[in-house]
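The file model_8.txt contains compact mmCIF, C-alpha atoms:
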# COMPACT_ATOMS: atom_id res chain seq x y z
CA MET A 1 14.56 -14.94 2.68
CA ASP A 2 11.00 -15.81 3.62
CA GLN A 3 9.22 -14.51 0.53
CA GLU A 4 5.82 -15.65 1.76
CA ARG A 5 5.98 -13.33 4.78
CA GLY A 6 8.35 -10.74 3.41
CA ASP A 7 11.14 -11.36 5.93
CA LEU A 8 14.86 -11.17 5.25
CA PHE A 9 17.01 -13.15 7.72
CA VAL A 10 20.67 -12.22 8.17
CA ALA A 11 23.26 -14.38 9.94
CA ASN A 12 25.37 -11.80 11.73
CA ASP A 13 28.62 -13.70 12.30
CA SER A 14 30.60 -11.19 14.33
CA GLY A 15 27.55 -10.06 16.32
CA ASP A 16 26.49 -13.58 17.41
CA SER A 17 22.97 -12.73 16.29
CA ILE A 18 20.25 -13.22 13.69
CA LEU A 19 18.72 -10.03 12.31
CA VAL A 20 15.34 -9.96 10.60
CA PHE A 21 14.39 -7.17 8.18
CA ARG A 22 11.45 -6.59 5.90
CA THR A 23 12.22 -7.40 2.29
CA THR A 24 10.97 -3.93 1.44
CA ASP A 25 13.42 -2.23 3.83
CA GLY A 26 16.09 0.13 2.51
CA GLY A 27 18.65 2.50 3.97
CA ASP A 28 19.60 2.65 7.64
CA MET A 29 16.75 0.55 8.96
CA ALA A 30 16.58 -1.17 12.33
CA PRO A 31 15.78 -4.89 12.20
CA THR A 32 12.22 -5.87 13.11
CA ARG A 33 13.53 -8.74 15.21
CA VAL A 34 16.91 -9.62 16.72
CA LEU A 35 17.74 -13.08 17.99
CA ARG A 36 20.67 -12.64 20.33
CA GLY A 37 21.87 -13.45 23.83
CA PRO A 38 23.44 -16.18 25.98
CA LYS A 39 20.33 -18.37 25.98
CA THR A 40 20.20 -18.55 22.17
CA GLY A 41 23.37 -20.62 21.84
CA LEU A 42 24.36 -18.50 18.85
CA ARG A 43 28.08 -18.29 18.25
CA ASN A 44 29.44 -16.93 14.97
CA PRO A 45 26.35 -17.85 12.93
CA THR A 46 27.37 -18.16 9.28
CA GLY A 47 24.38 -19.85 7.67
CA LEU A 48 20.62 -20.16 8.11
CA PHE A 49 17.54 -21.74 6.58
CA VAL A 50 13.87 -20.88 7.02
CA ASP A 51 11.75 -24.03 7.16
CA SER A 52 8.37 -22.66 6.11
CA LYS A 53 6.67 -26.05 6.37
CA ASN A 54 7.50 -26.45 10.07
CA ASP A 55 7.70 -22.73 10.79
CA GLU A 56 11.27 -23.02 12.08
CA LEU A 57 14.55 -21.23 11.64
CA TRP A 58 17.78 -23.26 11.37
CA VAL A 59 21.13 -21.67 12.14
CA SER A 60 24.64 -23.09 11.69
CA ASN A 61 27.10 -21.82 14.28
CA MET A 62 30.70 -21.80 13.18
CA GLY A 63 31.89 -20.85 16.66
CA ASN A 64 30.55 -23.74 18.74
CA HIS A 65 30.17 -26.78 16.47
CA SER A 66 26.37 -26.62 16.44
CA ALA A 67 23.18 -26.16 14.47
CA THR A 68 20.37 -24.57 16.45
CA VAL A 69 16.65 -24.48 15.67
CA TYR A 70 14.16 -21.77 16.69
CA LEU A 71 10.61 -20.81 16.01
CA ARG A 72 10.57 -18.80 12.82
CA THR A 73 9.21 -15.84 14.76
CA ALA A 74 11.70 -16.09 17.65
CA ASN A 75 12.87 -12.76 19.01
CA GLY A 76 15.29 -11.73 21.74
CA ASP A 77 17.30 -13.99 24.02
CA VAL A 78 15.35 -17.24 23.56
CA PRO A 79 16.78 -20.76 23.83
CA PRO A 80 16.73 -23.00 20.76
CA LEU A 81 14.00 -25.62 20.39
CA ARG A 82 16.66 -28.17 19.48
CA THR A 83 20.43 -28.26 19.11
CA ILE A 84 22.59 -30.56 17.01
CA ARG A 85 26.20 -30.66 18.16
CA SER A 86 29.37 -32.24 16.87
CA ALA A 87 31.31 -31.47 20.04
CA PRO A 88 30.58 -31.22 23.78
CA ALA A 89 28.30 -28.37 24.82
CA GLY A 90 30.16 -25.15 25.35
CA LYS A 91 33.26 -26.24 23.45
CA LEU A 92 34.38 -23.36 21.30
CA ALA A 93 35.55 -23.99 17.75
CA MET A 94 38.85 -22.73 16.40
CA ALA A 95 36.78 -20.64 14.01
CA ILE A 96 39.39 -20.68 11.29
CA GLY A 97 37.59 -19.70 8.11
CA ASN A 98 39.21 -19.12 4.74
CA PRO A 99 42.62 -18.32 6.24
CA GLY A 100 44.72 -16.39 3.79
CA ALA A 101 47.73 -15.65 5.93
CA ALA A 102 49.55 -16.55 9.10
CA GLY A 103 51.76 -14.77 11.56
CA TYR A 104 53.90 -15.87 14.46
CA ASP A 105 54.21 -13.94 17.71
CA THR A 106 57.74 -14.72 18.88
CA LYS A 107 57.20 -13.10 22.27
CA ARG A 108 54.13 -15.13 23.22
CA ASP A 109 54.81 -18.23 21.10
CA GLU A 110 51.43 -17.78 19.43
CA ILE A 111 50.20 -18.31 15.87
CA LEU A 112 48.13 -15.44 14.46
CA VAL A 113 45.49 -16.26 11.86
CA PRO A 114 43.39 -13.55 10.18
CA ASN A 115 39.98 -14.71 8.97
CA MET B 1 41.53 -9.30 7.21
CA HIS B 2 43.77 -10.71 4.53
CA ASP B 3 47.25 -10.39 5.95
CA ILE B 4 48.98 -10.13 9.28
CA ARG B 5 52.49 -9.54 10.59
CA TYR B 6 53.92 -9.60 14.09
CA ASP B 7 56.48 -6.88 14.82
CA ALA B 8 58.80 -8.40 17.42
CA VAL B 9 60.82 -5.19 17.83
CA HIS B 10 57.87 -3.00 18.84
CA ASP B 11 55.56 -5.80 20.05
CA GLU B 12 52.79 -4.86 17.64
CA ILE B 13 50.48 -6.66 15.22
CA VAL B 14 50.02 -5.14 11.76
CA VAL B 15 46.92 -6.11 9.77
CA ALA B 16 45.69 -5.42 6.23
CA ASN B 17 42.00 -4.59 5.96
CA PRO B 18 41.01 -4.38 2.27
CA PHE B 19 37.39 -3.44 2.79
CA ALA B 20 38.28 -0.53 5.06
CA GLN B 21 41.17 0.32 2.71
CA ALA B 22 43.29 0.57 5.82
CA ILE B 23 46.34 -0.71 7.64
CA LEU B 24 45.55 -1.39 11.28
CA ILE B 25 48.20 -1.63 13.99
CA PHE B 26 47.31 -3.32 17.28
CA ARG B 27 49.39 -3.80 20.38
CA GLY B 28 50.97 -7.22 20.72
CA GLY B 29 48.72 -9.47 22.74
CA ALA B 30 45.59 -7.53 21.73
CA SER B 31 42.42 -9.46 22.52
CA GLY B 32 38.68 -9.11 22.12
CA GLU B 33 37.03 -5.96 20.79
CA GLU B 34 40.14 -3.85 21.08
CA ALA B 35 40.74 -0.71 19.03
CA PRO B 36 43.89 -0.39 16.93
CA ILE B 37 46.58 1.87 18.38
CA ARG B 38 47.20 3.34 14.91
CA THR B 39 45.35 3.33 11.60
CA ILE B 40 46.69 4.29 8.18
CA GLN B 41 43.69 5.25 6.08
CA GLY B 42 42.50 8.05 3.85
CA PRO B 43 42.79 9.54 0.38
CA ASN B 44 46.45 10.54 0.74
CA THR B 45 47.45 6.95 1.44
CA GLN B 46 46.52 5.89 -2.12
CA LEU B 47 45.33 2.60 -0.66
CA ALA B 48 41.81 2.90 -2.08
CA GLY B 49 41.36 0.88 -5.24
CA SER B 50 44.90 -0.45 -5.11
CA THR B 51 43.86 -4.11 -5.37
CA ARG B 52 40.98 -6.14 -6.71
CA GLN B 53 39.65 -6.26 -3.17
CA GLY B 54 39.35 -2.50 -3.18
CA GLY B 55 42.29 -1.65 -1.00
CA VAL B 56 45.28 -3.04 0.81
CA GLU B 57 45.09 -6.82 0.64
CA ARG B 58 48.56 -7.81 1.72
CA LEU B 59 51.51 -6.15 3.40
CA GLU B 60 54.94 -6.65 4.85
CA ILE B 61 56.78 -4.88 7.64
CA ASP B 62 60.41 -4.02 8.20
CA PRO B 63 60.75 -3.37 11.94
CA ILE B 64 64.48 -2.67 11.56
CA HIS B 65 63.98 0.28 9.20
CA ASN B 66 60.45 1.06 10.44
CA GLU B 67 58.59 0.63 7.18
CA ILE B 68 55.40 -0.99 5.88
CA PHE B 69 55.28 -2.30 2.29
CA VAL B 70 51.98 -2.70 0.45
CA PRO B 71 52.03 -4.57 -2.89
CA ALA B 72 49.30 -3.08 -5.03
CA GLY B 73 48.93 -4.13 -8.66
CA ASP B 74 51.71 -2.48 -10.68
CA LYS B 75 53.28 -0.71 -7.74
CA VAL B 76 54.48 -1.05 -4.16
CA LEU B 77 53.54 1.60 -1.62
CA VAL B 78 55.87 2.20 1.34
CA TYR B 79 54.72 3.83 4.60
CA PRO B 80 56.40 4.66 7.89
CA LEU B 81 55.71 1.94 10.43
CA THR B 82 54.88 4.63 12.97
CA GLY B 83 52.44 6.35 10.56
CA ASN B 84 48.96 7.18 11.78
CA GLY B 85 46.03 8.69 9.91
CA ASP B 86 45.91 9.88 6.32
CA VAL B 87 49.61 9.30 5.65
CA PRO B 88 51.00 9.49 2.09
CA PRO B 89 53.52 6.83 1.03
CA ILE B 90 57.14 7.77 1.59
CA ARG B 91 58.18 5.81 -1.51
CA ILE B 92 56.43 4.21 -4.47
CA ILE B 93 58.10 1.55 -6.61
CA GLN B 94 56.41 1.86 -9.97
CA GLY B 95 57.23 2.11 -13.66
CA PRO B 96 57.95 0.04 -16.77
CA ASP B 97 61.47 -0.92 -15.69
CA THR B 98 60.19 -2.45 -12.46
CA LYS B 99 58.38 -5.26 -14.34
CA LEU B 100 55.77 -5.12 -11.61
CA ASN B 101 52.44 -6.51 -12.74
CA ARG B 102 49.76 -7.85 -10.45
CA VAL B 103 52.22 -7.77 -7.59
CA ARG B 104 50.48 -9.27 -4.62
CA SER B 105 52.99 -10.23 -1.96
CA ALA B 106 56.13 -8.85 -0.39
CA ALA B 107 58.85 -9.96 2.01
CA VAL B 108 61.75 -7.88 3.30
CA ASP B 109 65.25 -9.08 4.06
CA PRO B 110 66.86 -6.35 6.19
CA VAL B 111 70.12 -8.31 6.45
CA HIS B 112 70.79 -8.55 2.71
CA ASN B 113 68.97 -5.26 2.17
CA ARG B 114 66.53 -6.71 -0.33
CA ILE B 115 62.79 -6.87 -0.87
CA ALA B 116 61.17 -9.79 -2.69
CA LEU B 117 57.91 -9.18 -4.52
CA GLY B 118 55.60 -11.86 -5.88
CA THR B 119 53.62 -11.27 -9.05
CA ASN B 120 50.49 -13.03 -10.19
CA THR B 121 49.84 -14.94 -13.41
CA ASN B 122 49.55 -13.21 -16.79
CA TYR B 123 53.08 -11.89 -16.42
CA GLU B 124 54.84 -12.79 -19.66
CA GLY B 125 52.50 -15.60 -20.50
CA ASP B 126 50.74 -17.14 -17.57
CA LEU B 127 53.78 -17.28 -15.33
CA GLY B 128 54.18 -15.53 -12.06
CA ALA B 129 57.54 -14.28 -10.86
CA LEU B 130 59.60 -13.39 -7.85
CA LEU B 131 61.21 -10.00 -8.33
CA VAL B 132 64.02 -8.96 -5.99
CA PHE B 133 64.82 -5.27 -5.48
CA GLU B 134 67.06 -3.18 -3.29
CA ARG B 135 65.21 -2.74 -0.04
CA ALA B 136 65.12 1.03 -0.46
CA ALA B 137 64.16 0.93 -4.17
CA ASN B 138 62.13 3.92 -5.29
CA GLY B 139 60.36 4.94 -8.45
CA ASN B 140 61.06 3.20 -11.73
CA ALA B 141 63.73 0.89 -10.33
CA ARG B 142 65.02 -2.23 -12.08
CA PRO B 143 64.84 -5.53 -10.22
CA LEU B 144 68.16 -7.09 -9.21
CA GLY B 145 66.78 -10.54 -9.83
CA VAL B 146 63.81 -12.07 -11.64
CA ILE B 147 62.96 -15.65 -10.71
CA MET B 148 60.58 -16.92 -13.32
CA GLY B 149 60.09 -19.81 -15.74
CA ARG B 150 58.88 -23.37 -16.07
CA LYS B 151 61.53 -24.70 -13.70
CA ALA B 152 60.70 -22.08 -11.10
CA GLY B 153 57.03 -23.02 -11.43
CA ILE B 154 55.77 -19.77 -9.95
CA ILE B 155 52.15 -19.07 -10.81
CA SER B 156 50.75 -16.86 -8.12
CA ILE B 157 52.25 -16.06 -4.74
CA THR B 158 50.01 -15.14 -1.86
CA GLN B 159 52.05 -14.78 1.35
CA MET B 160 55.83 -14.81 1.61
CA GLN B 161 58.37 -14.74 4.40
CA VAL B 162 62.10 -14.25 4.36
CA TYR B 163 64.52 -15.86 6.78
CA PRO B 164 67.13 -13.07 6.78
CA PRO B 165 70.06 -14.87 8.45
CA LYS B 166 70.28 -17.22 5.46
CA GLY B 167 68.46 -15.19 2.84
CA TRP B 168 65.74 -17.75 2.10
CA ILE B 169 62.48 -16.66 0.53
CA VAL B 170 59.56 -18.90 1.50
CA ALA B 171 56.54 -18.43 -0.76
CA THR B 172 53.06 -19.96 -0.78
CA MET B 173 51.46 -20.72 -4.11
CA PRO B 174 47.81 -21.74 -4.03
CA GLY B 175 47.84 -23.11 -7.57
CA TRP B 176 46.53 -22.31 -10.99
CA SER B 177 43.09 -21.03 -10.26
CA TYR B 178 42.37 -18.62 -7.47
CA ASP B 179 38.70 -19.58 -7.51
CA GLU B 180 39.11 -23.36 -7.52
CA THR B 181 38.62 -25.03 -4.16
CA GLU B 182 41.33 -27.66 -4.74
CA PRO B 183 43.56 -26.30 -7.50
CA GLU B 184 46.49 -28.08 -9.09
CA ASN B 185 50.11 -26.94 -8.92
CA PHE B 186 49.96 -25.58 -5.41
CA PHE B 187 53.15 -25.70 -3.36
CA ILE B 188 55.38 -23.87 -0.97
CA GLY B 189 58.73 -23.05 -2.51
CA VAL B 190 62.00 -21.83 -1.06
CA TRP B 191 64.46 -19.74 -3.07
CA SER B 192 67.56 -17.75 -2.23
CA ILE B 193 67.33 -13.97 -2.17
CA ASN B 194 70.29 -14.08 -4.60
CA ASP B 195 68.60 -16.38 -7.15
CA ASN B 196 67.97 -15.05 -10.64
CA GLY B 197 66.43 -16.59 -13.76
CA ASP B 198 64.50 -19.83 -14.20
CA VAL B 199 65.66 -21.35 -10.92
CA PRO B 200 63.76 -24.29 -9.40
CA PRO B 201 62.93 -23.98 -5.72
CA ARG B 202 65.70 -25.18 -3.40
CA TRP B 203 63.00 -26.95 -1.37
CA LYS B 204 59.41 -27.65 -2.30
CA LEU B 205 56.52 -28.72 -0.06
CA GLY B 206 53.24 -30.04 -1.44
CA GLY B 207 52.34 -30.00 -5.08
CA SER B 208 51.02 -33.53 -5.27
CA SER B 209 47.64 -35.18 -4.85
CA THR B 210 48.94 -36.98 -1.77
CA SER B 211 49.85 -33.76 0.00
CA VAL B 212 48.08 -32.93 3.22
CA MET B 213 47.83 -29.37 1.99
CA LYS B 214 45.04 -28.44 -0.42
CA LYS B 215 45.32 -24.71 -0.96
CA PRO B 216 48.10 -23.06 1.03
CA ARG B 217 47.82 -19.29 1.09
CA GLY B 218 49.67 -18.18 4.20
CA VAL B 219 53.06 -18.93 5.69
CA ALA B 220 54.90 -17.88 8.82
CA LEU B 221 58.24 -18.96 10.26
CA ASN B 222 59.06 -20.03 13.78
CA PRO B 223 62.87 -19.98 13.98
CA THR B 224 62.92 -21.01 17.64
CA HIS B 225 61.33 -24.38 16.94
CA LYS B 226 62.54 -24.49 13.31
CA GLU B 227 58.99 -24.73 12.07
CA LEU B 228 57.07 -23.57 9.05
CA ILE B 229 53.46 -22.58 9.74
CA VAL B 230 50.99 -22.84 6.85
CA ALA B 231 47.46 -21.44 6.60
CA ASP B 232 45.40 -23.63 4.25
CA MET B 233 42.31 -21.97 2.82
CA ARG B 234 40.63 -25.19 1.66
CA LEU B 235 41.21 -27.10 4.88
CA ASN B 236 40.30 -24.16 7.12
CA ALA B 237 43.35 -25.18 9.05
CA VAL B 238 46.81 -24.19 10.15
CA LEU B 239 49.51 -26.81 9.56
CA THR B 240 52.93 -26.81 11.20
CA PHE B 241 55.89 -28.52 9.54
CA TYR B 242 59.26 -29.22 11.13
CA PHE B 243 61.68 -27.75 8.62
CA PRO B 244 65.17 -27.45 10.16
CA GLU B 245 66.89 -27.27 6.76
CA ILE B 246 66.10 -23.60 6.22
CA PHE B 247 67.00 -22.33 9.69

Starting from the file, give its structure as structure tokens.
Amino acid sequence: MDQERGDLFVANDSGDSILVFRTTDGGDMAPTRVLRGPKTGLRNPTGLFVDSKNDELWVSNMGNHSATVYLRTANGDVPPLRTIRSAPAGKLAMAIGNPGAAGYDTKRDEILVPN
Amino acid sequence: MHDIRYDAVHDEIVVANPFAQAILIFRGGASGEEAPIRTIQGPNTQLAGSTRQGGVERLEIDPIHNEIFVPAGDKVLVYPLTGNGDVPPIRIIQGPDTKLNRVRSAAVDPVHNRIALGTNTNYEGDLGALLVFERAANGNARPLGVIMGRKAGIISITQMQVYPPKGWIVATMPGWSYDETEPENFFIGVWSINDNGDVPPRWKLGGSSTSVMKKPRGVALNPTHKELIVADMRLNAVLTFYFPEIF
């Protein structure tokens, strides 16, 4: 939450997006800004931080081993200002998070993991 | 999604969705943003409020007899595997004679015609239990076997599997505290479907500080490769163990 400007940032994991609402919003409100699209590098964002000092938005992406940085006011399909990676670009993560069960598909020889 | 089963007979995937208070059935091999082919959901299902998560948290399927079992607190709800929509349970195992309390996991053995149910702690003094019933048990039925005690070491069972040809129950126990990230006393135990009383596990994986596992919560069996597949909540990982002894 950016209390100074009254913005509420939401890491939308399954939507590969960052949604920004007003802190005064309530009910079925549309976000004032949406950061989403192939240029953003967002993939299963699960955490974020608003750096008020440098006017930047940090996002941790569970789906592609990266942290991406944007202007705090970024909107739409914009590329990150910087990217920190712990794997080659484009490499998708296994995205296993808090697994509570497992299944085995005998027909396809596949392991099923609900998250 | 807190539980998953693959139905090899009908080539379907069955999933428990506690927040939607629903059982979702997908086609085998489903991928991407694909709709379920069937959904069991609605007031007649009695799934709402059945667990601390608000609805169905875990389940088990019996593809031979076409049934879905949902452990839910002090009862077990049974649905037709082919059910769709606001379907009422076809059986409910519930009552004082059942000894069901905080039942959280289930595994069916269609060969020995049994169902194993795992209860959580606070059952007769901070001990969990494995209760074994007739597969078709209904109402206030008595368990055929109660595996419980210090030797058994059962605290809380999350996911279980049965290997029907040999009647082994494989149960994951994530340890004393559900909320601790690296709890003590976690292990995977194997019992016989015919065990009764304070019986120690026939085999035990984990349970020590040197174990690779930290908080096992899920288990699946791969009989073809004689492997035991473990989902570890703390590690965010799936571990596969070669375990020919039980197959």

Enumerate as a PDB file with C-alpha atoms, in the coordinates of the input the residues belonging to chain B that approach chain A to within 8 Å, with only C-alpha atoms taken into account.
ATOM      1  CA  MET B   1      41.530  -9.300   7.210  1.00  0.00           C
ATOM      2  CA  HIS B   2      43.770 -10.710   4.530  1.00  0.00           C
ATOM      3  CA  ASP B   3      47.250 -10.390   5.950  1.00  0.00           C
ATOM      4  CA  ILE B   4      48.980 -10.130   9.280  1.00  0.00           C
ATOM      5  CA  ARG B   5      52.490  -9.540  10.590  1.00  0.00           C
ATOM      6  CA  TYR B   6      53.920  -9.600  14.090  1.00  0.00           C
ATOM      7  CA  ASP B   7      56.480  -6.880  14.820  1.00  0.00           C
ATOM      8  CA  ALA B   8      58.800  -8.400  17.420  1.00  0.00           C
ATOM      9  CA  ASP B  11      55.560  -5.800  20.050  1.00  0.00           C
ATOM     10  CA  GLY B  29      48.720  -9.470  22.740  1.00  0.00           C
ATOM     11  CA  THR B 158      50.010 -15.140  -1.860  1.00  0.00           C
ATOM     12  CA  GLN B 159      52.050 -14.780   1.350  1.00  0.00           C
ATOM     13  CA  PRO B 216      48.100 -23.060   1.030  1.00  0.00           C
ATOM     14  CA  ARG B 217      47.820 -19.290   1.090  1.00  0.00           C
ATOM     15  CA  GLY B 218      49.670 -18.180   4.200  1.00  0.00           C
ATOM     16  CA  VAL B 219      53.060 -18.930   5.690  1.00  0.00           C
ATOM     17  CA  ALA B 220      54.900 -17.880   8.820  1.00  0.00           C
ATOM     18  CA  LEU B 221      58.240 -18.960  10.260  1.00  0.00           C
ATOM     19  CA  ASN B 222      59.060 -20.030  13.780  1.00  0.00           C
ATOM     20  CA  ILE B 229      53.460 -22.580   9.740  1.00  0.00           C
ATOM     21  CA  VAL B 230      50.990 -22.840   6.850  1.00  0.00           C
ATOM     22  CA  ALA B 231      47.460 -21.440   6.600  1.00  0.00           C
ATOM     23  CA  ASP B 232      45.400 -23.630   4.250  1.00  0.00           C
ATOM     24  CA  MET B 233      42.310 -21.970   2.820  1.00  0.00           C
ATOM     25  CA  ARG B 234      40.630 -25.190   1.660  1.00  0.00           C
ATOM     26  CA  ASN B 236      40.300 -24.160   7.120  1.00  0.00           C
ATOM     27  CA  ALA B 237      43.350 -25.180   9.050  1.00  0.00           C
TER      28      ALA B 237
END

Notebook entry, point to check: Smallest atom-to-atom distance to Pro18 (chain B): which of B:Ser105, B:Ser31, B:Ile37, B:Glu57, using only C-alpha atoms?
Noted result: B:Glu57

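Of note, CA of Asn17 (chain B) and CA of Thr181 (chain B) are spaced 23.1 Å apart.
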
For Met160 (chain B), list every protein, DNA or RNA residue within 9 Å, evaluated using all atoms listed in the file, and leave out those in the same chain fewer than 3 positions away; present the list as a compact mmCIF listing (two decimals) with C-alpha atoms, in the frame of the given file.
# COMPACT_ATOMS: atom_id res chain seq x y z
CA GLU B 60 54.94 -6.65 4.85
CA SER B 105 52.99 -10.23 -1.96
CA ALA B 106 56.13 -8.85 -0.39
CA ALA B 107 58.85 -9.96 2.01
CA ALA B 116 61.17 -9.79 -2.69
CA LEU B 117 57.91 -9.18 -4.52
CA GLY B 118 55.60 -11.86 -5.88
CA ILE B 157 52.25 -16.06 -4.74
CA ILE B 169 62.48 -16.66 0.53
CA VAL B 170 59.56 -18.90 1.50
CA ALA B 171 56.54 -18.43 -0.76
CA THR B 172 53.06 -19.96 -0.78
CA GLY B 218 49.67 -18.18 4.20
CA VAL B 219 53.06 -18.93 5.69
CA ALA B 220 54.90 -17.88 8.82

Next item on the list: Would you list the contacts of region 133-143 of chain B as an MDAnalysis selection string, taking every protein, DNA or RNA residue within 7 Å and counting all atoms listed in the file, but skipping same-chain residues closer than 3 positions in sequence?
Entry: chainID B and resid 91:98 113:116 146

Next item on the list: Could you pull out every residue with an atom within 12 Å of (46.4, -21.8, -11.9), file coordinates, counting only C-alpha atoms, and send them as a PyMOL selection string?
Entry: chain B and resi 120-122+126-128+153-157+173-187+215

Generate the output file for the selected residues, C-alpha atoms, as a PDB file, in the coordinates of the input.
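That gives us out26.pdb:
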ATOM      1  CA  ASN B 120      50.490 -13.030 -10.190  1.00  0.00           C
ATOM      2  CA  THR B 121      49.840 -14.940 -13.410  1.00  0.00           C
ATOM      3  CA  ASN B 122      49.550 -13.210 -16.790  1.00  0.00           C
ATOM      4  CA  ASP B 126      50.740 -17.140 -17.570  1.00  0.00           C
ATOM      5  CA  LEU B 127      53.780 -17.280 -15.330  1.00  0.00           C
ATOM      6  CA  GLY B 128      54.180 -15.530 -12.060  1.00  0.00           C
ATOM      7  CA  GLY B 153      57.030 -23.020 -11.430  1.00  0.00           C
ATOM      8  CA  ILE B 154      55.770 -19.770  -9.950  1.00  0.00           C
ATOM      9  CA  ILE B 155      52.150 -19.070 -10.810  1.00  0.00           C
ATOM     10  CA  SER B 156      50.750 -16.860  -8.120  1.00  0.00           C
ATOM     11  CA  ILE B 157      52.250 -16.060  -4.740  1.00  0.00           C
ATOM     12  CA  MET B 173      51.460 -20.720  -4.110  1.00  0.00           C
ATOM     13  CA  PRO B 174      47.810 -21.740  -4.030  1.00  0.00           C
ATOM     14  CA  GLY B 175      47.840 -23.110  -7.570  1.00  0.00           C
ATOM     15  CA  TRP B 176      46.530 -22.310 -10.990  1.00  0.00           C
ATOM     16  CA  SER B 177      43.090 -21.030 -10.260  1.00  0.00           C
ATOM     17  CA  TYR B 178      42.370 -18.620  -7.470  1.00  0.00           C
ATOM     18  CA  ASP B 179      38.700 -19.580  -7.510  1.00  0.00           C
ATOM     19  CA  GLU B 180      39.110 -23.360  -7.520  1.00  0.00           C
ATOM     20  CA  THR B 181      38.620 -25.030  -4.160  1.00  0.00           C
ATOM     21  CA  GLU B 182      41.330 -27.660  -4.740  1.00  0.00           C
ATOM     22  CA  PRO B 183      43.560 -26.300  -7.500  1.00  0.00           C
ATOM     23  CA  GLU B 184      46.490 -28.080  -9.090  1.00  0.00           C
ATOM     24  CA  ASN B 185      50.110 -26.940  -8.920  1.00  0.00           C
ATOM     25  CA  PHE B 186      49.960 -25.580  -5.410  1.00  0.00           C
ATOM     26  CA  PHE B 187      53.150 -25.700  -3.360  1.00  0.00           C
ATOM     27  CA  LYS B 215      45.320 -24.710  -0.960  1.00  0.00           C
TER      28      LYS B 215
END

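Counting only C-alpha atoms, the residue from A:Ala74, A:Gly41, A:Pro79, A:Leu19 that sits nearest to Leu92 (chain A) is A:Gly41.
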
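The list of residues with at least one atom within 12 Å of Thr32 (chain A), based on only C-alpha atoms and without residues fewer than 3 positions apart in the same chain, reads Gly6, Asp7, Leu8, Phe9, Val10, Ile18, Leu19, Val20, Phe21, Arg22, Thr23, Thr24, Asp25, Met29, Leu35, Thr73, Ala74, Asn75 and Gly76 of chain A.
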
Margin query: Around the point (33.0, -24.7, 17.8) (coordinates from the file), which residues reach within 6 Å if we count all atoms listed in the file? Answer as a list in words.
Written below: Met62, Gly63, Asn64, His65, Lys91, Leu92 and Ala93 of chain A

Using all atoms listed in the file, which protein or nucleic acid residues come within 9 Å of Gly15 (chain A)? Drop anything in the same chain fewer than 4 positions from it, and give the result as a PDB file with C-alpha atoms, in the coordinates of the input.
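Output file around10.pdb follows:
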ATOM      1  CA  ALA A  11      23.260 -14.380   9.940  1.00  0.00           C
ATOM      2  CA  ARG A  36      20.670 -12.640  20.330  1.00  0.00           C
ATOM      3  CA  ARG A  43      28.080 -18.290  18.250  1.00  0.00           C
ATOM      4  CA  ASN A  44      29.440 -16.930  14.970  1.00  0.00           C
ATOM      5  CA  PRO A  45      26.350 -17.850  12.930  1.00  0.00           C
TER       6      PRO A  45
END

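Atom pair CA of Val50 (chain A) / CA of Gln3 (chain A) has a distance of 10.2 Å (rounded to one decimal).
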
Item checked: All residues 9 Å or closer to Val87 (chain B), only C-alpha atoms, same chain fewer than 5 positions away omitted, as a list in words -> Ile40, Gln41, Gly42, Pro43, Asn44, Thr45, Tyr79 and Pro80 of chain B

File dump, residues just selected, C-alpha atoms, as a short mmCIF file (atom, residue, chain, number, x, y, z; two decimals), in the frame of the given file:
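What ended up in out.cif:
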data_model
loop_
_atom_site.label_atom_id
_atom_site.label_comp_id
_atom_site.auth_asym_id
_atom_site.auth_seq_id
_atom_site.Cartn_x
_atom_site.Cartn_y
_atom_site.Cartn_z
CA ILE B 40 46.69 4.29 8.18
CA GLN B 41 43.69 5.25 6.08
CA GLY B 42 42.50 8.05 3.85
CA PRO B 43 42.79 9.54 0.38
CA ASN B 44 46.45 10.54 0.74
CA THR B 45 47.45 6.95 1.44
CA TYR B 79 54.72 3.83 4.60
CA PRO B 80 56.40 4.66 7.89
#

Item checked: Interatomic distance, CA of Asp74 (chain B) to CA of Leu228 (chain B) (Å, one decimal) -> 29.4 Å

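Distances to Asp16 (chain A) were evaluated for A:Leu57, A:Met1, A:Ile84, A:Val34 using all atoms listed in the file, and the minimum falls at A:Val34.
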